[in-house]
$ cat my_file_2.txt   # compact mmCIF, C-alpha atoms
# COMPACT_ATOMS: atom_id res chain seq x y z
CA MET A 102 -20.68 16.50 0.01
CA PRO A 103 -22.27 13.03 -0.20
CA ALA A 104 -20.33 10.27 1.48
CA ALA A 105 -19.73 6.96 -0.25
CA PRO A 106 -22.50 4.37 0.14
CA ARG A 107 -22.00 1.95 3.01
CA ALA A 108 -22.81 -1.63 3.92
CA ARG A 109 -23.44 -2.60 7.52
CA PRO A 110 -22.23 -5.89 9.01
CA SER A 111 -25.75 -6.48 10.35
CA ASP A 112 -27.05 -6.43 6.77
CA LEU A 113 -24.95 -9.50 5.97
CA PHE A 114 -24.09 -11.40 9.13
CA THR A 115 -25.56 -12.44 12.43
CA PRO A 116 -23.73 -11.15 15.54
CA GLU A 117 -22.19 -14.60 16.00
CA GLU A 118 -20.96 -14.71 12.39
CA TRP A 119 -19.52 -11.21 12.61
CA ALA A 120 -17.82 -11.58 15.99
CA PRO A 121 -14.59 -13.23 14.70
CA PHE A 122 -13.97 -10.29 12.36
CA GLN A 123 -14.19 -7.73 15.17
CA THR A 124 -11.40 -9.06 17.37
CA ARG A 125 -7.93 -7.51 17.26
CA SER A 126 -4.66 -9.25 18.06
CA GLY A 127 -2.06 -7.94 20.46
CA TRP A 128 0.82 -9.65 18.64
CA ARG A 129 -0.01 -10.31 14.98
CA GLY A 130 0.63 -6.72 13.88
CA LEU A 131 4.02 -6.68 15.58
CA LEU A 132 4.84 -10.05 14.01
CA LEU A 133 4.01 -8.68 10.54
CA VAL A 134 6.37 -5.73 11.06
CA VAL A 135 9.12 -8.11 12.23
CA HIS A 136 8.44 -10.36 9.25
CA CYS A 137 8.67 -7.47 6.80
CA TRP A 138 11.99 -6.24 8.15
CA GLY A 139 13.23 -9.85 8.41
CA VAL A 140 12.60 -10.46 4.70
CA ILE A 141 14.38 -7.18 3.89
CA ALA A 142 17.35 -8.15 6.06
CA VAL A 143 17.68 -11.61 4.51
CA ALA A 144 17.51 -10.14 0.99
CA VAL A 145 20.12 -7.50 1.85
CA VAL A 146 22.49 -10.13 3.23
CA ALA A 147 21.92 -12.38 0.20
CA GLY A 148 22.62 -9.52 -2.20
CA ALA A 149 25.72 -8.43 -0.29
CA VAL A 150 27.16 -11.97 -0.18
CA TRP A 151 26.15 -12.97 -3.71
CA PRO A 152 25.98 -9.80 -5.85
CA ILE A 153 24.66 -11.83 -8.79
CA LEU A 154 21.36 -11.96 -6.83
CA ILE A 155 21.02 -8.17 -6.58
CA PRO A 156 18.33 -7.84 -9.32
CA LEU A 157 16.17 -10.45 -7.55
CA CYS A 158 16.87 -8.86 -4.17
CA VAL A 159 15.87 -5.43 -5.48
CA ALA A 160 12.45 -6.82 -6.42
CA ILE A 161 12.04 -8.60 -3.08
CA ILE A 162 13.10 -5.57 -1.04
CA GLY A 163 11.03 -3.15 -3.11
CA THR A 164 7.95 -5.28 -2.52
CA ARG A 165 8.63 -5.35 1.23
CA GLN A 166 9.08 -1.58 1.17
CA LEU A 167 5.56 -1.54 -0.21
CA GLY A 168 4.81 -3.96 2.63
CA LEU A 169 5.95 -1.29 5.10
CA ALA A 170 3.57 1.18 3.44
CA ILE A 171 0.77 -1.39 3.66
CA LEU A 172 1.45 -1.92 7.36
CA MET A 173 1.45 1.87 7.83
CA HIS A 174 -1.99 1.75 6.19
CA GLU A 175 -3.00 -0.96 8.67
CA ALA A 176 -1.83 1.28 11.52
CA ALA A 177 -3.92 4.13 10.12
CA HIS A 178 -6.93 1.92 10.88
CA GLY A 179 -5.56 0.96 14.30
CA GLY A 180 -4.89 -2.60 13.16
CA LEU A 181 -1.28 -3.20 14.21
CA SER A 182 -2.01 -3.23 17.93
CA PRO A 183 -4.97 -2.71 20.28
CA ASN A 184 -2.62 -0.40 22.20
CA ALA A 185 -2.99 2.92 20.39
CA ARG A 186 0.47 4.20 21.35
CA LEU A 187 2.19 1.00 20.23
CA ASN A 188 0.10 0.92 17.05
CA ASP A 189 1.15 4.46 16.13
CA PHE A 190 4.80 3.92 17.07
CA LEU A 191 5.05 0.80 14.90
CA GLY A 192 3.12 2.37 12.05
CA HIS A 193 5.07 5.63 12.04
CA TRP A 194 8.67 4.90 12.96
CA LEU A 195 9.08 1.33 11.72
CA CYS A 196 6.79 1.46 8.67
CA ALA A 197 6.10 4.99 7.41
CA VAL A 198 9.30 6.93 8.10
CA PRO A 199 11.76 4.50 6.43
CA VAL A 200 9.91 4.88 3.11
CA GLY A 201 9.40 8.63 3.40
CA ALA A 202 5.83 8.82 4.71
CA SER A 203 4.20 10.02 7.92
CA LEU A 204 1.43 8.16 9.75
CA PRO A 205 -0.07 11.31 11.42
CA LEU A 206 -0.31 12.98 8.01
CA TYR A 207 -1.42 9.89 6.11
CA ARG A 208 -4.25 8.88 8.47
CA PRO A 209 -6.66 11.83 7.93
CA TYR A 210 -5.93 11.79 4.21
CA HIS A 211 -6.66 8.06 3.98
CA LEU A 212 -9.79 8.16 6.14
CA SER A 213 -11.08 10.89 3.86
CA HIS A 214 -10.53 8.48 0.97
CA HIS A 215 -12.72 5.92 2.74
CA LYS A 216 -15.41 8.45 3.57
CA TYR A 217 -15.68 9.69 -0.01
CA ALA A 218 -14.48 6.61 -1.93
CA GLN A 219 -14.91 7.19 -5.67
CA GLN A 220 -16.86 10.41 -5.06
CA PRO A 221 -15.64 13.76 -6.43
CA GLU A 222 -14.22 14.58 -2.98
CA ASP A 223 -12.11 11.40 -2.83
CA PRO A 224 -8.44 12.50 -2.59
CA ASP A 225 -7.40 9.24 -4.29
CA LEU A 226 -9.73 9.67 -7.25
CA VAL A 227 -6.85 11.12 -9.28
CA LEU A 228 -5.17 7.70 -9.12
CA SER A 229 -8.02 5.77 -10.75
CA ALA A 230 -9.96 8.31 -12.81
CA PRO A 231 -7.52 8.46 -15.79
CA PHE A 232 -7.93 4.75 -16.53
CA PRO A 233 -8.27 3.03 -18.90
CA VAL A 234 -5.29 4.37 -20.79
CA THR A 235 -3.45 3.10 -23.83
CA ARG A 236 -0.82 0.39 -23.50
CA ALA A 237 1.80 2.94 -24.56
CA SER A 238 0.73 5.29 -21.77
CA LEU A 239 0.85 2.53 -19.16
CA ARG A 240 4.24 1.44 -20.46
CA ARG A 241 5.59 5.00 -20.11
CA LYS A 242 4.33 5.19 -16.52
CA ILE A 243 6.04 1.92 -15.59
CA ILE A 244 9.26 3.00 -17.30
CA ARG A 245 9.21 6.25 -15.28
CA ASP A 246 8.84 4.18 -12.13
CA LEU A 247 11.61 1.70 -12.91
CA THR A 248 14.06 4.42 -13.99
CA GLY A 249 13.67 6.45 -10.80
CA GLN A 250 11.79 9.36 -12.36
CA THR A 251 8.71 8.86 -10.16
CA PHE A 252 10.89 8.63 -7.05
CA PHE A 253 12.68 11.86 -7.98
CA LYS A 254 9.35 13.62 -8.49
CA GLN A 255 7.83 12.38 -5.24
CA ARG A 256 10.80 12.38 -2.89
CA VAL A 257 12.84 15.30 -4.25
CA LEU A 258 10.74 17.75 -6.25
CA PHE A 259 7.71 17.47 -3.99
CA ALA A 260 9.92 17.83 -0.92
CA PHE A 261 11.40 21.06 -2.22
CA LYS A 262 7.92 22.26 -3.11
CA ALA A 263 6.63 21.41 0.35
CA PHE A 264 9.46 23.34 2.00
CA ALA A 265 9.19 26.29 -0.37
CA SER A 266 5.42 26.67 -0.27
CA ARG A 267 5.12 25.89 3.45
CA ARG A 268 1.91 24.06 2.74
CA ASP A 269 0.92 21.21 5.01
CA GLU A 270 1.22 18.57 2.31
CA ASP A 271 1.53 17.64 -1.32
CA LEU A 272 0.04 14.47 -2.70
CA ALA A 273 1.73 12.47 -5.43
CA GLU A 274 0.45 9.07 -6.55
CA GLY A 275 -1.18 8.71 -3.14
CA ALA A 276 2.03 9.38 -1.18
CA VAL A 277 2.01 12.09 1.48
CA VAL A 278 5.22 14.05 0.93
CA THR A 279 5.90 16.90 3.34
CA GLY A 280 8.69 18.82 4.95
CA ARG A 281 7.78 17.12 8.19
CA SER A 282 8.07 13.64 6.66
CA ILE A 283 11.32 14.31 4.79
CA ALA A 284 13.43 15.14 7.85
CA PRO A 285 12.72 11.85 9.73
CA PHE A 286 13.15 9.97 6.44
CA LEU A 287 16.63 11.42 5.97
CA LEU A 288 17.52 10.71 9.60
CA VAL A 289 16.47 7.04 9.42
CA ASN A 290 18.17 6.56 6.06
CA ALA A 291 21.36 8.12 7.40
CA ALA A 292 21.24 5.54 10.19
CA LEU A 293 20.82 2.75 7.63
CA LEU A 294 23.81 4.06 5.67
CA ILE A 295 25.94 4.26 8.82
CA GLY A 296 24.94 0.71 9.74
CA ALA A 297 25.90 -0.59 6.30
CA THR A 298 29.21 1.29 6.48
CA LEU A 299 30.03 -0.15 9.90
CA ALA A 300 29.26 -3.60 8.50
CA GLY A 301 31.81 -2.99 5.75
CA VAL A 302 29.25 -2.94 2.92
CA TRP A 303 28.47 0.77 2.50
CA TRP A 304 27.42 0.14 -1.09
CA ALA A 305 24.63 -2.18 0.05
CA TYR A 306 22.63 0.82 1.27
CA PHE A 307 22.55 2.23 -2.26
CA ALA A 308 22.15 -1.06 -4.15
CA LEU A 309 19.87 -2.89 -1.73
CA TRP A 310 17.81 -0.17 -0.06
CA LEU A 311 17.85 3.08 -2.04
CA LEU A 312 17.71 1.42 -5.48
CA PRO A 313 14.60 -0.67 -4.63
CA LEU A 314 13.02 2.40 -3.02
CA ALA A 315 13.62 4.44 -6.18
CA THR A 316 12.54 1.81 -8.72
CA TRP A 317 10.57 -1.29 -7.74
CA PHE A 318 8.68 0.33 -4.86
CA PRO A 319 7.10 3.09 -7.04
CA MET A 320 6.24 0.54 -9.71
CA VAL A 321 4.44 -1.92 -7.44
CA THR A 322 2.76 1.00 -5.65
CA ARG A 323 1.35 2.07 -9.00
CA LEU A 324 0.17 -1.49 -9.76
CA ARG A 325 -1.50 -1.60 -6.36
CA ASN A 326 -3.27 1.72 -6.99
CA ILE A 327 -4.49 0.62 -10.41
CA ALA A 328 -5.73 -2.75 -9.16
CA GLU A 329 -7.61 -1.30 -6.21
CA HIS A 330 -9.96 1.16 -7.92
CA ALA A 331 -9.34 1.66 -11.64
CA CYS A 332 -12.01 0.59 -14.16
CA VAL A 333 -14.56 -0.72 -11.63
CA GLU A 334 -18.03 0.06 -12.98
CA GLY A 335 -20.53 1.25 -10.37
CA SER A 336 -17.81 2.02 -7.83
CA SER A 337 -19.37 5.32 -6.81
CA THR A 338 -22.85 3.93 -6.12
CA ASP A 339 -22.50 0.35 -4.90
CA PRO A 340 -20.55 -0.39 -1.70
CA PHE A 341 -19.83 -3.90 -2.96
CA ARG A 342 -18.10 -2.39 -6.00
CA ALA A 343 -16.21 0.46 -4.31
CA ALA A 344 -12.94 -1.38 -4.96
CA ARG A 345 -11.53 -4.46 -6.63
CA THR A 346 -10.20 -7.65 -5.12
CA THR A 347 -7.47 -9.36 -7.14
CA ARG A 348 -6.73 -13.04 -6.76
CA ALA A 349 -2.97 -13.20 -6.22
CA ALA A 350 -0.78 -16.20 -6.96
CA TRP A 351 2.19 -16.89 -4.69
CA TRP A 352 4.58 -15.00 -6.98
CA GLU A 353 2.25 -11.99 -7.06
CA ARG A 354 2.12 -11.97 -3.27
CA ALA A 355 5.92 -12.16 -3.19
CA PHE A 356 6.64 -9.50 -5.80
CA ILE A 357 3.53 -7.26 -6.06
CA ALA A 358 0.95 -7.59 -3.29
CA PRO A 359 2.16 -8.52 0.20
CA TYR A 360 0.11 -8.69 3.38
CA TRP A 361 -3.29 -9.34 1.80
CA VAL A 362 -3.45 -5.92 0.13
CA ASN A 363 -5.13 -7.58 -2.85
CA PHE A 364 -8.36 -8.01 -0.82
CA HIS A 365 -9.33 -4.38 -1.30
CA ALA A 366 -13.05 -4.75 -1.96
CA GLU A 367 -13.44 -6.40 1.45
CA HIS A 368 -11.32 -3.69 3.07
CA HIS A 369 -13.61 -0.97 1.71
CA LEU A 370 -16.69 -2.83 2.84
CA PHE A 371 -15.45 -3.09 6.42
CA MET A 372 -12.28 -1.07 6.87
CA HIS A 373 -11.64 -2.00 10.52
CA VAL A 374 -11.24 -5.72 9.86
CA PRO A 375 -7.51 -6.57 10.32
CA CYS A 376 -5.65 -7.35 7.12
CA TRP A 377 -4.89 -10.96 8.07
CA LYS A 378 -8.64 -11.66 8.35
CA LEU A 379 -9.46 -10.36 4.87
CA PRO A 380 -9.16 -13.78 3.14
CA ALA A 381 -11.75 -15.22 5.55
CA LEU A 382 -13.94 -12.14 5.08
CA HIS A 383 -13.64 -12.59 1.31
CA ARG A 384 -14.93 -16.15 1.55
CA ALA A 385 -17.75 -15.14 3.86
CA VAL A 386 -18.95 -12.25 1.69
CA ARG A 387 -18.62 -14.16 -1.59
CA ALA A 388 -20.83 -16.91 -0.15
CA LEU A 389 -23.68 -14.37 0.12
CA PRO A 390 -25.88 -13.19 -2.76
CA GLN A 391 -24.50 -9.65 -2.40
CA GLY A 392 -20.98 -10.98 -2.82
CA GLY A 393 -21.69 -11.77 -6.44
CA ARG A 394 -21.68 -8.02 -7.18
CA MET A 395 -18.05 -7.64 -6.12
CA GLU A 396 -15.36 -6.96 -8.70
CA VAL A 397 -12.88 -9.84 -8.49
CA ALA A 398 -10.00 -10.07 -10.98
CA PRO A 399 -8.17 -13.34 -11.67
CA GLY A 400 -4.73 -11.71 -11.37
CA TYR A 401 -2.72 -8.54 -11.82
CA LEU A 402 -2.03 -9.17 -15.50
CA ALA A 403 -5.78 -9.23 -16.11
CA VAL A 404 -6.15 -5.93 -14.26
CA LEU A 405 -3.40 -4.30 -16.29
CA GLY A 406 -5.04 -5.55 -19.46
CA LYS A 407 -8.30 -3.89 -18.49
CA ALA A 408 -6.54 -0.70 -17.35
CA SER A 409 -4.71 -0.39 -20.69
CA ALA A 410 -7.62 -1.26 -22.98
CA GLN A 411 -8.09 2.23 -24.38
CA ALA A 412 -7.63 2.33 -28.15

$ encode --input "my_file_2.txt" --output "structure tokens"
Amino acid sequence: MPAAPRARPSDLFTPEEWAPFQTRSGWRGLLLVVHCWGVIAVAVVAGAVWPILIPLCVAIIGTRQLGLAILMHEAAHGGLSPNARLNDFLGHWLCAVPVGASLPLYRPYHLSHHKYAQQPEDPDLVLSAPFPVTRASLRRKIIRDLTGQTFFKQRVLFAFKAFASRRDEDLAEGAVVTGRSIAPFLLVNAALLIGATLAGVWWAYFALWLLPLATWFPMVTRLRNIAEHACVEGSSTDPFRAARTTRAAWWERAFIAPYWVNFHAEHHLFMHVPCWKLPALHRAVRALPQGGRMEVAPGYLAVLGKASAQA
């Protein structure tokens, strides 16, 4: 099985130029987790106090639920903390479990994706290979997401299948759904429901946590998956084109792509660079002749246009 082609830092940078991208922070990862939960908490309070804001809060919370998944992904690369135990605790219990995932199960799956990116053995190839599709097909997918059908498939049907078949895992739209991940998910969500009930707003759990998780979160997860790898020519042979970077405006970072997840081409080039250093890495690579080969989209609407260009 051939691995994906690689680029080495020494091919592009001097040791002095590369040194800033190698350092890890002992506090930035923790701060990102606190920030993510802080945004969720503020949006929950705003929606509970002013119910007219619930639609906006659902979008904000759903994007930060994706943010938790992104920070789980960062933990899979050891990027949340130089302390391995703290990194895995933050990534599993505070990021993965609340949205129904499992860091110990996700990590080997995701590292396999990096090893075989866009090769036949890539476990994520199923997410990008079908594109481009028709606009009608893309519209149906987004409708399934926003109406909770994708959530039901991934978090209910796949859970029953995982328990019934006793297999280690089932993969749906890139989410690791297992019997072992469902039990902690239910436990944490029961705690969230109890907390909302004790605060006198039991309904807020359903309207401001479960509803975003069942609607906006699957939708923006799909947009992320499409933007990262779909319709990138030469992705299986050129390490500079293994993924796409999407320039994200402030509203796209707020409602679609938090925590620098849009810098995916740079992440695939050098997967151990912490997420908060990806903008600087983007500038450094794009300043080189090789950087001109990278796939860079002007925004998510442009990506969706390309992904739905099939006649």

$ atom_distance --input "my_file_2.txt" --atom1 "atom CA of Leu239 of chain A" --atom2 "atom CA of Pro313 of chain A"
20.3 Å

$ atom_distance --input "my_file_2.txt" --atom1 "atom CA of Cys376 of chain A" --atom2 "atom CA of Phe364 of chain A"
8.4 Å

$ atom_distance --input "my_file_2.txt" --atom1 "atom CA of Phe318 of chain A" --atom2 "atom CA of Arg354 of chain A"
14.0 Å

$ closest_residue --input "my_file_2.txt" --among "A:Phe307, A:Trp351, A:Phe371, A:Phe341" --to "Met395 of chain A" --atoms "all atoms listed in the file"
A:Phe341

$ closest_residue --input "my_file_2.txt" --among "A:Ala108, A:Ala343, A:Ala349, A:Ala202" --to "Ile283 of chain A" --atoms "only C-alpha atoms"
A:Ala202

$ residues_around --input "my_file_2.txt" --residues "segment 396-408 of chain A" --least-positions-apart "5" --cutoff "8 Å" --atoms "only C-alpha atoms" --output "short mmCIF file (atom, residue, chain, number, x, y, z; two decimals) with C-alpha atoms, in the coordinates of the input"
data_model
loop_
_atom_site.label_atom_id
_atom_site.label_comp_id
_atom_site.auth_asym_id
_atom_site.auth_seq_id
_atom_site.Cartn_x
_atom_site.Cartn_y
_atom_site.Cartn_z
CA PHE A 232 -7.93 4.75 -16.53
CA PRO A 233 -8.27 3.03 -18.90
CA VAL A 234 -5.29 4.37 -20.79
CA LEU A 324 0.17 -1.49 -9.76
CA ILE A 327 -4.49 0.62 -10.41
CA ALA A 328 -5.73 -2.75 -9.16
CA ALA A 331 -9.34 1.66 -11.64
CA CYS A 332 -12.01 0.59 -14.16
CA VAL A 333 -14.56 -0.72 -11.63
CA PHE A 341 -19.83 -3.90 -2.96
CA ARG A 342 -18.10 -2.39 -6.00
CA ALA A 344 -12.94 -1.38 -4.96
CA ARG A 345 -11.53 -4.46 -6.63
CA THR A 346 -10.20 -7.65 -5.12
CA THR A 347 -7.47 -9.36 -7.14
CA ARG A 348 -6.73 -13.04 -6.76
CA ALA A 349 -2.97 -13.20 -6.22
CA ALA A 350 -0.78 -16.20 -6.96
CA GLU A 353 2.25 -11.99 -7.06
CA ALA A 366 -13.05 -4.75 -1.96
#

$ closest_residue --input "my_file_2.txt" --among "A:Lys242, A:Arg236, A:His215, A:His136" --to "Cys196 of chain A" --atoms "all atoms listed in the file"
A:His136

$ residues_near_point --input "my_file_2.txt" --point "(1.3, 3.0, 3.5)" --cutoff "9 Å" --atoms "only C-alpha atoms" --output "PyMOL selection string"
chain A and resi 167-177+192+196-197+200+202-204+207+276

$ closest_residue --input "my_file_2.txt" --among "A:Ala104, A:Leu379, A:Val374, A:Leu258" --to "Glu222 of chain A" --atoms "only C-alpha atoms"
A:Ala104

$ build_atoms --input "my_file_2.txt" --residues "segment 311-325 of chain A" --atoms "N, CA, C and O atoms" --output "PDB file, in the coordinates of the input"
ATOM      1  N   LEU A 311      18.253   1.887  -1.287  1.00  0.00           N
ATOM      2  CA  LEU A 311      17.850   3.080  -2.040  1.00  0.00           C
ATOM      3  C   LEU A 311      17.398   2.720  -3.458  1.00  0.00           C
ATOM      4  O   LEU A 311      16.406   3.284  -3.956  1.00  0.00           O
ATOM      5  N   LEU A 312      18.101   1.809  -4.116  1.00  0.00           N
ATOM      6  CA  LEU A 312      17.710   1.420  -5.480  1.00  0.00           C
ATOM      7  C   LEU A 312      16.309   0.792  -5.507  1.00  0.00           C
ATOM      8  O   LEU A 312      15.485   1.194  -6.348  1.00  0.00           O
ATOM      9  N   PRO A 313      15.985  -0.171  -4.643  1.00  0.00           N
ATOM     10  CA  PRO A 313      14.600  -0.670  -4.630  1.00  0.00           C
ATOM     11  C   PRO A 313      13.578   0.426  -4.330  1.00  0.00           C
ATOM     12  O   PRO A 313      12.504   0.470  -4.929  1.00  0.00           O
ATOM     13  N   LEU A 314      13.937   1.330  -3.394  1.00  0.00           N
ATOM     14  CA  LEU A 314      13.020   2.400  -3.020  1.00  0.00           C
ATOM     15  C   LEU A 314      12.758   3.352  -4.185  1.00  0.00           C
ATOM     16  O   LEU A 314      11.672   3.934  -4.291  1.00  0.00           O
ATOM     17  N   ALA A 315      13.736   3.505  -5.059  1.00  0.00           N
ATOM     18  CA  ALA A 315      13.620   4.440  -6.180  1.00  0.00           C
ATOM     19  C   ALA A 315      13.067   3.805  -7.437  1.00  0.00           C
ATOM     20  O   ALA A 315      12.742   4.531  -8.388  1.00  0.00           O
ATOM     21  N   THR A 316      12.928   2.476  -7.467  1.00  0.00           N
ATOM     22  CA  THR A 316      12.540   1.810  -8.720  1.00  0.00           C
ATOM     23  C   THR A 316      11.355   0.855  -8.507  1.00  0.00           C
ATOM     24  O   THR A 316      10.234   1.140  -8.915  1.00  0.00           O
ATOM     25  N   TRP A 317      11.619  -0.287  -7.862  1.00  0.00           N
ATOM     26  CA  TRP A 317      10.570  -1.290  -7.740  1.00  0.00           C
ATOM     27  C   TRP A 317       9.416  -0.827  -6.860  1.00  0.00           C
ATOM     28  O   TRP A 317       8.242  -1.090  -7.159  1.00  0.00           O
ATOM     29  N   PHE A 318       9.716  -0.139  -5.780  1.00  0.00           N
ATOM     30  CA  PHE A 318       8.680   0.330  -4.860  1.00  0.00           C
ATOM     31  C   PHE A 318       7.676   1.254  -5.560  1.00  0.00           C
ATOM     32  O   PHE A 318       6.456   1.044  -5.436  1.00  0.00           O
ATOM     33  N   PRO A 319       8.098   2.277  -6.323  1.00  0.00           N
ATOM     34  CA  PRO A 319       7.100   3.090  -7.040  1.00  0.00           C
ATOM     35  C   PRO A 319       6.301   2.279  -8.049  1.00  0.00           C
ATOM     36  O   PRO A 319       5.106   2.532  -8.241  1.00  0.00           O
ATOM     37  N   MET A 320       6.945   1.316  -8.700  1.00  0.00           N
ATOM     38  CA  MET A 320       6.240   0.540  -9.710  1.00  0.00           C
ATOM     39  C   MET A 320       5.143  -0.323  -9.094  1.00  0.00           C
ATOM     40  O   MET A 320       3.999  -0.314  -9.562  1.00  0.00           O
ATOM     41  N   VAL A 321       5.465  -1.063  -8.029  1.00  0.00           N
ATOM     42  CA  VAL A 321       4.440  -1.920  -7.440  1.00  0.00           C
ATOM     43  C   VAL A 321       3.387  -1.084  -6.706  1.00  0.00           C
ATOM     44  O   VAL A 321       2.225  -1.494  -6.596  1.00  0.00           O
ATOM     45  N   THR A 322       3.755   0.091  -6.214  1.00  0.00           N
ATOM     46  CA  THR A 322       2.760   1.000  -5.650  1.00  0.00           C
ATOM     47  C   THR A 322       1.768   1.414  -6.711  1.00  0.00           C
ATOM     48  O   THR A 322       0.549   1.475  -6.471  1.00  0.00           O
ATOM     49  N   ARG A 323       2.248   1.708  -7.904  1.00  0.00           N
ATOM     50  CA  ARG A 323       1.350   2.070  -9.000  1.00  0.00           C
ATOM     51  C   ARG A 323       0.428   0.893  -9.350  1.00  0.00           C
ATOM     52  O   ARG A 323      -0.780   1.080  -9.543  1.00  0.00           O
ATOM     53  N   LEU A 324       0.998  -0.321  -9.444  1.00  0.00           N
ATOM     54  CA  LEU A 324       0.170  -1.490  -9.760  1.00  0.00           C
ATOM     55  C   LEU A 324      -0.897  -1.695  -8.690  1.00  0.00           C
ATOM     56  O   LEU A 324      -2.047  -2.036  -9.006  1.00  0.00           O
ATOM     57  N   ARG A 325      -0.516  -1.479  -7.447  1.00  0.00           N
ATOM     58  CA  ARG A 325      -1.500  -1.600  -6.360  1.00  0.00           C
ATOM     59  C   ARG A 325      -2.611  -0.574  -6.547  1.00  0.00           C
ATOM     60  O   ARG A 325      -3.801  -0.901  -6.444  1.00  0.00           O
TER      61      ARG A 325
END
